[in-house]
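So this block is entry.pdb, PDB, C-alpha atoms, pLDDT in the B column:
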MODEL        1
ATOM      1  CA  MET L   1       0.000   0.000   0.000  1.00 65.00           C
ATOM      2  CA  ASN L   2       1.374   3.401  -0.926  1.00 67.00           C
ATOM      3  CA  LEU L   3       0.937   6.675   0.969  1.00 62.00           C
ATOM      4  CA  GLU L   4      -1.785   7.958  -1.353  1.00 68.00           C
ATOM      5  CA  THR L   5      -3.917   4.827  -0.848  1.00 72.00           C
ATOM      6  CA  ILE L   6      -3.512   4.900   2.934  1.00 72.00           C
ATOM      7  CA  ILE L   7      -4.440   8.581   3.166  1.00 72.00           C
ATOM      8  CA  SER L   8      -7.399   8.222   0.804  1.00 71.00           C
ATOM      9  CA  GLN L   9      -8.775   5.320   2.884  1.00 75.00           C
ATOM     10  CA  PHE L  10      -7.993   6.527   6.390  1.00 80.00           C
ATOM     11  CA  GLY L  11      -7.276  10.254   6.032  1.00 81.00           C
ATOM     12  CA  TYR L  12     -10.580  11.738   7.156  1.00 86.00           C
ATOM     13  CA  PRO L  13     -11.231   9.300  10.049  1.00 87.00           C
ATOM     14  CA  ALA L  14      -7.632   9.845  11.210  1.00 86.00           C
ATOM     15  CA  LEU L  15      -8.172  13.604  10.903  1.00 88.00           C
ATOM     16  CA  VAL L  16     -11.273  13.488  13.101  1.00 89.00           C
ATOM     17  CA  ILE L  17      -9.577  11.345  15.768  1.00 89.00           C
ATOM     18  CA  GLY L  18      -6.467  13.504  15.646  1.00 84.00           C
ATOM     19  CA  LEU L  19      -8.512  16.687  16.001  1.00 87.00           C
ATOM     20  CA  LEU L  20      -9.980  15.325  19.212  1.00 87.00           C
ATOM     21  CA  LEU L  21      -6.494  14.618  20.600  1.00 79.00           C
ATOM     22  CA  GLU L  22      -4.165  17.348  19.329  1.00 74.00           C
ATOM     23  CA  GLY L  23      -6.163  19.848  17.311  1.00 81.00           C
ATOM     24  CA  GLU L  24      -3.852  22.437  15.797  1.00 83.00           C
ATOM     25  CA  THR L  25      -1.024  20.124  14.775  1.00 83.00           C
ATOM     26  CA  VAL L  26      -3.401  17.642  13.159  1.00 85.00           C
ATOM     27  CA  LEU L  27      -5.345  20.371  11.370  1.00 89.00           C
ATOM     28  CA  VAL L  28      -2.113  21.845   9.970  1.00 88.00           C
ATOM     29  CA  LEU L  29      -1.043  18.365   8.836  1.00 86.00           C
ATOM     30  CA  GLY L  30      -4.466  17.748   7.254  1.00 89.00           C
ATOM     31  CA  ALA L  31      -4.255  21.027   5.338  1.00 90.00           C
ATOM     32  CA  PHE L  32      -0.716  20.164   4.279  1.00 86.00           C
ATOM     33  CA  MET L  33      -2.018  16.833   2.927  1.00 86.00           C
ATOM     34  CA  ALA L  34      -4.767  18.721   1.124  1.00 89.00           C
ATOM     35  CA  HIS L  35      -2.119  20.977  -0.382  1.00 85.00           C
ATOM     36  CA  ARG L  36      -0.296  17.854  -1.576  1.00 82.00           C
ATOM     37  CA  GLY L  37      -3.538  16.618  -3.198  1.00 85.00           C
ATOM     38  CA  TYR L  38      -4.354  13.748  -0.821  1.00 86.00           C
ATOM     39  CA  LEU L  39      -7.286  15.413   0.940  1.00 91.00           C
ATOM     40  CA  ASN L  40      -9.766  18.107   0.021  1.00 91.00           C
ATOM     41  CA  LEU L  41      -9.022  21.439   1.775  1.00 94.00           C
ATOM     42  CA  PRO L  42     -12.674  22.528   2.188  1.00 95.00           C
ATOM     43  CA  LEU L  43     -13.410  19.120   3.784  1.00 95.00           C
ATOM     44  CA  VAL L  44     -10.398  19.464   6.090  1.00 94.00           C
ATOM     45  CA  ILE L  45     -11.652  22.900   7.153  1.00 96.00           C
ATOM     46  CA  LEU L  46     -15.172  21.529   7.616  1.00 96.00           C
ATOM     47  CA  CYS L  47     -13.855  18.625   9.732  1.00 95.00           C
ATOM     48  CA  GLY L  48     -11.941  21.104  11.886  1.00 94.00           C
ATOM     49  CA  CYS L  49     -15.065  23.224  12.349  1.00 95.00           C
ATOM     50  CA  VAL L  50     -17.426  20.364  13.102  1.00 96.00           C
ATOM     51  CA  VAL L  51     -15.105  18.513  15.489  1.00 95.00           C
ATOM     52  CA  SER L  52     -14.073  21.619  17.436  1.00 93.00           C
ATOM     53  CA  PHE L  53     -17.633  22.937  17.646  1.00 95.00           C
ATOM     54  CA  GLY L  54     -18.953  19.499  18.642  1.00 95.00           C
ATOM     55  CA  ALA L  55     -16.326  19.072  21.373  1.00 92.00           C
ATOM     56  CA  ASP L  56     -17.046  22.522  22.801  1.00 92.00           C
ATOM     57  CA  GLN L  57     -20.784  21.888  22.788  1.00 94.00           C
ATOM     58  CA  PHE L  58     -20.297  18.504  24.456  1.00 94.00           C
ATOM     59  CA  PHE L  59     -18.321  20.039  27.318  1.00 90.00           C
ATOM     60  CA  PHE L  60     -20.693  23.009  27.596  1.00 92.00           C
ATOM     61  CA  TRP L  61     -23.680  20.703  27.992  1.00 94.00           C
ATOM     62  CA  MET L  62     -21.786  18.376  30.315  1.00 91.00           C
ATOM     63  CA  GLY L  63     -21.156  21.397  32.540  1.00 90.00           C
ATOM     64  CA  ARG L  64     -24.796  22.426  32.249  1.00 90.00           C
ATOM     65  CA  VAL L  65     -26.183  18.974  33.085  1.00 91.00           C
ATOM     66  CA  LYS L  66     -23.577  17.354  35.368  1.00 87.00           C
ATOM     67  CA  GLY L  67     -21.636  20.369  36.660  1.00 82.00           C
ATOM     68  CA  SER L  68     -20.525  19.982  40.260  1.00 80.00           C
ATOM     69  CA  GLN L  69     -21.345  16.276  40.345  1.00 84.00           C
ATOM     70  CA  PHE L  70     -18.831  15.649  37.547  1.00 81.00           C
ATOM     71  CA  LEU L  71     -16.202  17.897  39.168  1.00 79.00           C
ATOM     72  CA  ASP L  72     -16.482  16.129  42.500  1.00 81.00           C
ATOM     73  CA  SER L  73     -15.209  12.965  40.814  1.00 81.00           C
ATOM     74  CA  ARG L  74     -12.280  14.828  39.167  1.00 77.00           C
ATOM     75  CA  PRO L  75     -10.410  16.859  41.776  1.00 76.00           C
ATOM     76  CA  THR L  76      -7.363  17.120  39.486  1.00 75.00           C
ATOM     77  CA  TRP L  77      -9.365  19.464  37.229  1.00 75.00           C
ATOM     78  CA  LYS L  78      -9.573  22.022  40.049  1.00 74.00           C
ATOM     79  CA  PRO L  79      -6.622  24.281  38.998  1.00 76.00           C
ATOM     80  CA  ARG L  80      -7.894  24.644  35.434  1.00 75.00           C
ATOM     81  CA  ILE L  81     -11.484  25.056  36.612  1.00 77.00           C
ATOM     82  CA  GLU L  82     -10.412  27.887  38.919  1.00 78.00           C
ATOM     83  CA  LYS L  83      -8.464  29.546  36.086  1.00 77.00           C
ATOM     84  CA  ALA L  84     -11.492  29.210  33.790  1.00 77.00           C
ATOM     85  CA  ARG L  85     -13.793  30.636  36.473  1.00 78.00           C
ATOM     86  CA  SER L  86     -11.500  33.639  36.873  1.00 77.00           C
ATOM     87  CA  LEU L  87     -12.058  34.426  33.189  1.00 79.00           C
ATOM     88  CA  LEU L  88     -15.844  34.449  33.497  1.00 76.00           C
ATOM     89  CA  GLY L  89     -15.873  38.069  34.598  1.00 72.00           C
ATOM     90  CA  GLN L  90     -14.548  39.000  31.167  1.00 69.00           C
ATOM     91  CA  ASN L  91     -16.684  39.580  28.072  1.00 76.00           C
ATOM     92  CA  MET L  92     -18.540  36.264  27.774  1.00 79.00           C
ATOM     93  CA  ASN L  93     -19.231  36.694  24.056  1.00 78.00           C
ATOM     94  CA  LEU L  94     -15.541  37.243  23.332  1.00 80.00           C
ATOM     95  CA  LEU L  95     -14.657  34.326  25.608  1.00 81.00           C
ATOM     96  CA  SER L  96     -17.075  32.073  23.677  1.00 80.00           C
ATOM     97  CA  LEU L  97     -15.534  33.231  20.414  1.00 78.00           C
ATOM     98  CA  GLY L  98     -11.971  32.585  21.562  1.00 81.00           C
ATOM     99  CA  VAL L  99     -12.398  29.337  23.509  1.00 81.00           C
ATOM    100  CA  ARG L 100     -10.812  27.315  20.666  1.00 81.00           C
ATOM    101  CA  PHE L 101      -7.648  29.395  20.820  1.00 80.00           C
ATOM    102  CA  MET L 102      -7.141  28.937  24.587  1.00 78.00           C
ATOM    103  CA  TYR L 103      -4.822  25.947  24.761  1.00 75.00           C
ATOM    104  CA  GLY L 104      -5.089  24.204  28.110  1.00 72.00           C
ATOM    105  CA  LEU L 105      -8.528  25.656  28.832  1.00 75.00           C
ATOM    106  CA  ARG L 106     -10.564  24.710  25.792  1.00 78.00           C
ATOM    107  CA  THR L 107     -12.021  21.679  27.544  1.00 79.00           C
ATOM    108  CA  VAL L 108     -12.757  23.198  30.931  1.00 82.00           C
ATOM    109  CA  LEU L 109     -13.805  26.669  29.771  1.00 86.00           C
ATOM    110  CA  PRO L 110     -16.919  25.461  27.890  1.00 89.00           C
ATOM    111  CA  PHE L 111     -17.640  23.200  30.872  1.00 87.00           C
ATOM    112  CA  VAL L 112     -17.461  26.135  33.306  1.00 86.00           C
ATOM    113  CA  MET L 113     -19.470  28.336  30.958  1.00 88.00           C
ATOM    114  CA  GLY L 114     -22.155  25.655  30.917  1.00 90.00           C
ATOM    115  CA  MET L 115     -22.136  25.583  34.721  1.00 88.00           C
ATOM    116  CA  SER L 116     -22.457  29.366  34.827  1.00 86.00           C
ATOM    117  CA  LYS L 117     -25.838  29.284  33.089  1.00 77.00           C
ATOM    118  CA  PHE L 118     -24.479  31.274  30.160  1.00 84.00           C
ATOM    119  CA  ASP L 119     -27.124  31.374  27.415  1.00 90.00           C
ATOM    120  CA  PRO L 120     -26.686  28.174  25.331  1.00 93.00           C
ATOM    121  CA  LYS L 121     -27.834  29.806  22.075  1.00 94.00           C
ATOM    122  CA  ARG L 122     -25.387  32.660  22.472  1.00 91.00           C
ATOM    123  CA  PHE L 123     -22.582  30.251  23.387  1.00 91.00           C
ATOM    124  CA  ALA L 124     -23.375  28.118  20.324  1.00 93.00           C
ATOM    125  CA  LEU L 125     -23.384  31.132  17.991  1.00 93.00           C
ATOM    126  CA  PHE L 126     -20.080  32.584  19.195  1.00 91.00           C
ATOM    127  CA  ASP L 127     -18.498  29.150  19.520  1.00 93.00           C
ATOM    128  CA  LEU L 128     -19.485  28.323  15.945  1.00 95.00           C
ATOM    129  CA  LEU L 129     -17.877  31.547  14.728  1.00 94.00           C
ATOM    130  CA  GLY L 130     -14.777  30.786  16.805  1.00 93.00           C
ATOM    131  CA  SER L 131     -14.607  27.236  15.435  1.00 93.00           C
ATOM    132  CA  VAL L 132     -14.762  28.571  11.873  1.00 95.00           C
ATOM    133  CA  LEU L 133     -11.988  31.109  12.597  1.00 94.00           C
ATOM    134  CA  TRP L 134      -9.857  28.476  14.337  1.00 93.00           C
ATOM    135  CA  SER L 135     -10.271  25.972  11.536  1.00 95.00           C
ATOM    136  CA  LEU L 136      -9.545  28.537   8.830  1.00 95.00           C
ATOM    137  CA  THR L 137      -6.493  29.885  10.670  1.00 92.00           C
ATOM    138  CA  PHE L 138      -4.757  26.540  11.155  1.00 91.00           C
ATOM    139  CA  SER L 139      -5.835  25.117   7.798  1.00 93.00           C
ATOM    140  CA  LEU L 140      -4.450  28.110   5.955  1.00 92.00           C
ATOM    141  CA  ALA L 141      -1.259  27.783   8.014  1.00 89.00           C
ATOM    142  CA  GLY L 142      -0.957  24.178   6.814  1.00 88.00           C
ATOM    143  CA  LYS L 143      -1.463  25.233   3.213  1.00 88.00           C
ATOM    144  CA  PHE L 144       1.144  27.977   3.624  1.00 89.00           C
ATOM    145  CA  ILE L 145       3.595  25.460   5.092  1.00 84.00           C
ATOM    146  CA  GLY L 146       2.968  23.253   2.060  1.00 83.00           C
ATOM    147  CA  HIS L 147       3.874  26.107  -0.288  1.00 82.00           C
ATOM    148  CA  LEU L 148       6.928  26.934   1.803  1.00 83.00           C
ATOM    149  CA  ILE L 149       8.206  23.349   1.839  1.00 80.00           C
ATOM    150  CA  GLU L 150       7.738  23.025  -1.919  1.00 78.00           C
ATOM    151  CA  ALA L 151       9.652  26.274  -2.450  1.00 80.00           C
ATOM    152  CA  ILE L 152      12.549  25.078  -0.282  1.00 78.00           C
ATOM    153  CA  PHE L 153      12.702  21.472  -1.491  1.00 74.00           C
ATOM    154  CA  LYS L 154      12.354  21.270  -5.264  1.00 74.00           C
ATOM    155  CA  ASP L 155      12.047  17.459  -5.304  1.00 73.00           C
ATOM    156  CA  PHE L 156       9.816  17.090  -2.275  1.00 72.00           C
ATOM    157  CA  LYS L 157       7.846  14.146  -3.693  1.00 71.00           C
ATOM    158  CA  ARG L 158      10.829  11.868  -3.082  1.00 73.00           C
ATOM    159  CA  HIS L 159      10.903  12.755   0.649  1.00 69.00           C
ATOM    160  CA  GLU L 160       7.176  13.205   1.139  1.00 73.00           C
ATOM    161  CA  ALA L 161       6.349   9.948   2.956  1.00 72.00           C
ATOM    162  CA  ILE L 162       9.158  10.246   5.505  1.00 74.00           C
ATOM    163  CA  THR L 163       8.288  13.911   6.128  1.00 73.00           C
ATOM    164  CA  ILE L 164       4.607  13.152   6.727  1.00 72.00           C
ATOM    165  CA  VAL L 165       5.430  10.240   9.043  1.00 75.00           C
ATOM    166  CA  GLY L 166       7.934  12.474  10.853  1.00 76.00           C
ATOM    167  CA  VAL L 167       5.334  15.199  11.348  1.00 71.00           C
ATOM    168  CA  MET L 168       2.858  12.601  12.640  1.00 72.00           C
ATOM    169  CA  ILE L 169       5.450  11.341  15.122  1.00 81.00           C
ATOM    170  CA  ILE L 170       6.172  14.903  16.238  1.00 77.00           C
ATOM    171  CA  ALA L 171       2.429  15.573  16.644  1.00 70.00           C
ATOM    172  CA  GLY L 172       2.090  12.411  18.731  1.00 75.00           C
ATOM    173  CA  ALA L 173       5.093  13.400  20.832  1.00 81.00           C
ATOM    174  CA  VAL L 174       3.628  16.882  21.435  1.00 76.00           C
ATOM    175  CA  TRP L 175       0.351  15.342  22.538  1.00 71.00           C
ATOM    176  CA  LEU L 176       2.100  12.835  24.824  1.00 79.00           C
ATOM    177  CA  TYR L 177       4.274  15.579  26.317  1.00 81.00           C
ATOM    178  CA  HIS L 178       1.288  17.817  27.058  1.00 72.00           C
ATOM    179  CA  SER L 179      -0.595  14.859  28.555  1.00 72.00           C
ATOM    180  CA  TRP L 180       2.397  13.932  30.712  1.00 78.00           C
ATOM    181  CA  LEU L 181       2.899  17.543  31.801  1.00 74.00           C
ATOM    182  CA  ALA L 182      -0.776  17.902  32.712  1.00 66.00           C
ATOM    183  CA  ARG L 183      -0.666  14.686  34.764  1.00 69.00           C
ATOM    184  CA  LYS L 184       2.555  15.769  36.479  1.00 70.00           C
ATOM    185  CA  GLN L 185       0.981  19.107  37.392  1.00 63.00           C
ATOM    186  CA  GLY L 186      -2.221  17.376  38.439  1.00 57.00           C
ATOM    187  CA  THR L 187      -4.433  19.221  35.947  1.00 50.00           C
ATOM    188  CA  ILE L 188      -6.012  16.225  34.237  1.00 49.00           C
TER     189      ILE L 188
ENDMDL
END
Show how you would write the structure in this file as structure tokens.
Amino acid sequence: MNLETIISQFGYPALVIGLLLEGETVLVLGAFMAHRGYLNLPLVILCGCVVSFGADQFFFWMGRVKGSQFLDSRPTWKPRIEKARSLLGQNMNLLSLGVRFMYGLRTVLPFVMGMSKFDPKRFALFDLLGSVLWSLTFSLAGKFIGHLIEAIFKDFKRHEAITIVGVMIIAGAVWLYHSWLARKQGTI
């Protein structure tokens, strides 16, 4: 099986799973693969939007429905919950719009916003706009990186597979490092 066949069969499911684990890196890689012709850029952007919006809505509604009961069973979330709560005094619309860009808080912030009884329709609207902006930003970054790599390496096709695998390994390492760091600090 060659790289093109693997990506055409597993590219979009892998993109969705990757977006749930390590969003930005995977979205950039997906856009890079779209630039190389293996995936469709509008579909990559759409996947980024749908997955990020869906995850935020899930955590918002979990906070709305389970709230304190869920937190009682996860005391290690307390530092991030407190940080997220400290942000609630800010402009809630702007906070809803930017939740995707707040690395380290993008899980707990929607949860806390759900607990705060913030209007669900307003959260959904601003979160949708934020998800679109987030997806466009990192997808266009991936496309730009594709152009940059092609400009630097004239015969990139020959090194394409090893580069993509290398980027996937780096993305996995980043995710593992952040997970390890969060566990070490007691924030998971």
- prompt: If you measure from CA of Leu129 (chain L) to CA of Lys78 (chain L), what distance in Å do you get, rounded to one decimal?
  reply: 28.3 Å
- request: May I ask which of the residues L:Pro42, L:Pro79, L:Gly98, L:Pro120 is the closest one to Leu140 (chain L), counting all atoms listed in the file?
  value: L:Pro42
message: Since I can't run it myself right now, could you work out what the PyMOL selection byres ((chain L and resi 102) around 12) selects here and report it as a list in words?
response: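 This file gives the following for the PyMOL selection byres ((chain L and resi 102) around 12): Gly23, Glu24, Asp56, Arg80, Lys83, Ala84, Leu87, Leu94, Leu95, Ser96, Leu97, Gly98, Val99, Arg100, Phe101, Tyr103, Gly104, Leu105, Arg106, Thr107, Val108, Leu109, Pro110, Gly130, Ser131 and Trp134 of chain L.
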query: Using only C-alpha atoms, which residues sit within 12 Å of Met62 (chain L) once same-chain residues fewer than 3 positions away are excluded, as a list in words?
result: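 Residues near the query, excluding close chain neighbours: Ala55, Asp56, Gln57, Phe58, Phe59, Val65, Lys66, Gly67, Ser68, Gln69, Phe70, Leu71, Thr107, Val108, Leu109, Pro110, Phe111, Val112, Met113, Gly114, Met115, Ser116 and Lys117 of chain L.
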For Gly166 (chain L), the nearest of the candidates L:Ile81, L:Cys49, L:Leu29, L:Ile152, counting all atoms listed in the file: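 When distances to Gly166 (chain L) are compared using all atoms listed in the file, the smallest one comes from L:Leu29.
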query: Which residue out of L:Arg122, L:Lys184, L:Asn40, L:Cys47 has the minimum interatomic distance to Met92 (chain L) when all atoms listed in the file are used?
result: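 With all atoms listed in the file as the atom set, the closest residue is L:Arg122.
Compared by their closest atoms to Leu41 (chain L), and using all atoms listed in the file, the residues L:Thr76, L:Thr5, L:Ser139, L:Thr25 rank with L:Ser139 nearest.
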query: So what do you get for CA of Phe126 (chain L) versus CA of Leu20 (chain L), distance-wise?
result: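 CA of Phe126 (chain L) sits 20.0 Å away from CA of Leu20 (chain L).
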- request: Check which residues satisfy the PyMOL selection byres ((chain L and resi 31) around 7) in the file shown, then give them as number ranges by chain.
  value: L: 27-30, 32-35, 41, 44, 139, 142-143
- prompt: Separation of CA of Ala141 (chain L) and CA of Gln9 (chain L), in Å?
  reply: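 Going from CA of Ala141 (chain L) over to CA of Gln9 (chain L), I get 24.2 Å.
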Shell around Ile149 (chain L) at 12 Å using all atoms listed in the file, local window under 3 positions removed, as a PyMOL selection string: chain L and resi 32+35-36+142-146+152-157+159-160+163-164
Store the residues picked out above, limited to C-alpha atoms, as a compact mmCIF listing (two decimals), in the coordinates of the input.
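For reference, part-v6.txt as written:
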# COMPACT_ATOMS: atom_id res chain seq x y z
CA PHE L 32 -0.72 20.16 4.28
CA HIS L 35 -2.12 20.98 -0.38
CA ARG L 36 -0.30 17.85 -1.58
CA GLY L 142 -0.96 24.18 6.81
CA LYS L 143 -1.46 25.23 3.21
CA PHE L 144 1.14 27.98 3.62
CA ILE L 145 3.60 25.46 5.09
CA GLY L 146 2.97 23.25 2.06
CA ILE L 152 12.55 25.08 -0.28
CA PHE L 153 12.70 21.47 -1.49
CA LYS L 154 12.35 21.27 -5.26
CA ASP L 155 12.05 17.46 -5.30
CA PHE L 156 9.82 17.09 -2.28
CA LYS L 157 7.85 14.15 -3.69
CA HIS L 159 10.90 12.76 0.65
CA GLU L 160 7.18 13.20 1.14
CA THR L 163 8.29 13.91 6.13
CA ILE L 164 4.61 13.15 6.73
